[in-house]
Amino acid sequence: TDYFDLILDFTELQDIVVNKYPDWYKLLSSIKGIYLITDNHQGKLYVGSAYGEEGIWGRWRDYVATNGHGGNKSLKDLIDGDWQYAVKYFQFSILMLLPKTVTPDEAIRKEQLFKRKLGSNTFGLNNN
């Protein structure tokens, strides 16, 4: 299906990453982009960007490896309070695809644009 139709809860994402399903790996590692983590408990949003060598796959793999926080302070605070928080409440989706040649600065500018549009700095889980 279309990348923009994709909505994965954290358990589905864990299954995909841990088992490294070839079709998923191929699709998600070949794209860079802006993604969204929705906290379905608080209704808050986290906007992030994936522009590394393994694209969205590489970034989302970081969330699986860290039980859902990926190094983000606000997400970590939620998970430190309840180690099952991501499993219970997080869902992952893609907001925008970026060209393979995107620079980190360009990706971060697009990420900042979505943070402003969605208010995730003021009312969400983004800290910067």
# chains A, B, ... in the order shown; residues from 1 in each chain; ligands from 1
call {"tool": "select_by_dssp", "arguments": {"residues": "range 11-119 of chain A", "states": "strand (DSSP E or B)", "output": "ChimeraX atom specification"}}
result
/A:32-39,44-50,90-98
call {"tool": "residues_around", "arguments": {"residues": "range 90-98 of chain A", "least_positions_apart": "2", "cutoff": "6 Å", "atoms": "only C-alpha atoms", "output": "ChimeraX atom specification"}}
result
/A:4,6-10,32-39,86
call {"tool": "select_by_dssp", "arguments": {"residues": "range 23-70 of chain A", "states": "alpha helix (DSSP H)", "output": "list of chain:residue names"}}
result
A:Asp23, A:Trp24, A:Tyr25, A:Lys26, A:Leu27, A:Leu28, A:Ser29, A:Gly55, A:Ile56, A:Trp57, A:Gly58, A:Arg59, A:Trp60, A:Arg61, A:Asp62, A:Tyr63, A:Val64, A:Ala65
call {"tool": "write_last_selection", "arguments": {"atoms": "N, CA, C and O atoms", "output": "mmCIF file, in the first residue's frame"}}
result
data_model
loop_
_atom_site.group_PDB
_atom_site.id
_atom_site.type_symbol
_atom_site.label_atom_id
_atom_site.label_comp_id
_atom_site.auth_asym_id
_atom_site.auth_seq_id
_atom_site.Cartn_x
_atom_site.Cartn_y
_atom_site.Cartn_z
ATOM 1 N N ASP A 23 10.609 -7.725 3.078
ATOM 2 C CA ASP A 23 9.836 -6.730 2.331
ATOM 3 C C ASP A 23 9.768 -5.409 3.079
ATOM 4 O O ASP A 23 9.914 -4.340 2.492
ATOM 5 N N TRP A 24 9.535 -5.486 4.393
ATOM 6 C CA TRP A 24 9.482 -4.279 5.207
ATOM 7 C C TRP A 24 10.842 -3.590 5.239
ATOM 8 O O TRP A 24 10.932 -2.362 5.117
ATOM 9 N N TYR A 25 11.895 -4.377 5.439
ATOM 10 C CA TYR A 25 13.239 -3.798 5.480
ATOM 11 C C TYR A 25 13.536 -3.073 4.169
ATOM 12 O O TYR A 25 14.009 -1.932 4.177
ATOM 13 N N LYS A 26 13.252 -3.724 3.068
ATOM 14 C CA LYS A 26 13.534 -3.131 1.749
ATOM 15 C C LYS A 26 12.790 -1.803 1.578
ATOM 16 O O LYS A 26 13.374 -0.811 1.155
ATOM 17 N N LEU A 27 11.520 -1.798 1.926
ATOM 18 C CA LEU A 27 10.710 -0.594 1.739
ATOM 19 C C LEU A 27 11.102 0.537 2.687
ATOM 20 O O LEU A 27 11.254 1.682 2.271
ATOM 21 N N LEU A 28 11.268 0.221 3.969
ATOM 22 C CA LEU A 28 11.529 1.277 4.948
ATOM 23 C C LEU A 28 12.977 1.750 4.963
ATOM 24 O O LEU A 28 13.245 2.894 5.333
ATOM 25 N N SER A 29 13.913 0.895 4.568
ATOM 26 C CA SER A 29 15.313 1.331 4.545
ATOM 27 C C SER A 29 15.645 2.111 3.277
ATOM 28 O O SER A 29 16.669 2.776 3.206
ATOM 29 N N GLY A 55 17.520 4.997 6.443
ATOM 30 C CA GLY A 55 16.248 5.689 6.341
ATOM 31 C C GLY A 55 15.326 5.489 7.535
ATOM 32 O O GLY A 55 15.759 5.428 8.680
ATOM 33 N N ILE A 56 14.037 5.375 7.226
ATOM 34 C CA ILE A 56 13.017 5.209 8.267
ATOM 35 C C ILE A 56 13.290 3.932 9.066
ATOM 36 O O ILE A 56 13.146 3.916 10.287
ATOM 37 N N TRP A 57 13.693 2.878 8.386
ATOM 38 C CA TRP A 57 13.988 1.613 9.087
ATOM 39 C C TRP A 57 14.995 1.845 10.207
ATOM 40 O O TRP A 57 14.790 1.415 11.339
ATOM 41 N N GLY A 58 16.092 2.500 9.886
ATOM 42 C CA GLY A 58 17.150 2.717 10.870
ATOM 43 C C GLY A 58 16.674 3.508 12.070
ATOM 44 O O GLY A 58 17.013 3.190 13.213
ATOM 45 N N ARG A 59 15.877 4.520 11.810
ATOM 46 C CA ARG A 59 15.393 5.346 12.924
ATOM 47 C C ARG A 59 14.376 4.589 13.762
ATOM 48 O O ARG A 59 14.430 4.590 14.986
ATOM 49 N N TRP A 60 13.441 3.920 13.117
ATOM 50 C CA TRP A 60 12.433 3.171 13.864
ATOM 51 C C TRP A 60 13.042 1.982 14.595
ATOM 52 O O TRP A 60 12.570 1.597 15.659
ATOM 53 N N ARG A 61 14.105 1.424 14.059
ATOM 54 C CA ARG A 61 14.821 0.352 14.755
ATOM 55 C C ARG A 61 15.350 0.873 16.093
ATOM 56 O O ARG A 61 15.352 0.155 17.093
ATOM 57 N N ASP A 62 15.788 2.136 16.128
ATOM 58 C CA ASP A 62 16.261 2.749 17.369
ATOM 59 C C ASP A 62 15.153 2.791 18.429
ATOM 60 O O ASP A 62 15.424 2.596 19.610
ATOM 61 N N TYR A 63 13.937 3.053 18.002
ATOM 62 C CA TYR A 63 12.816 3.069 18.955
ATOM 63 C C TYR A 63 12.576 1.675 19.523
ATOM 64 O O TYR A 63 12.352 1.524 20.723
ATOM 65 N N VAL A 64 12.641 0.678 18.676
ATOM 66 C CA VAL A 64 12.457 -0.699 19.155
ATOM 67 C C VAL A 64 13.575 -1.067 20.127
ATOM 68 O O VAL A 64 13.316 -1.629 21.190
ATOM 69 N N ALA A 65 14.807 -0.715 19.799
ATOM 70 C CA ALA A 65 15.962 -1.064 20.637
ATOM 71 C C ALA A 65 15.929 -0.385 22.001
ATOM 72 O O ALA A 65 16.532 -0.878 22.956
#
call {"tool": "atom_distance", "arguments": {"atom1": "CA of Val87 in chain A", "atom2": "CA of Gly68 in chain A"}}
result
8.0 Å
call {"tool": "atom_distance", "arguments": {"atom1": "CA of Leu125 in chain A", "atom2": "CA of Asn72 in chain A"}}
result
8.7 Å
call {"tool": "closest_residue", "arguments": {"among": "A:Trp83, A:Glu12, A:Tyr89, A:Pro99", "to": "Ser30 in chain A", "atoms": "only C-alpha atoms"}}
result
A:Pro99
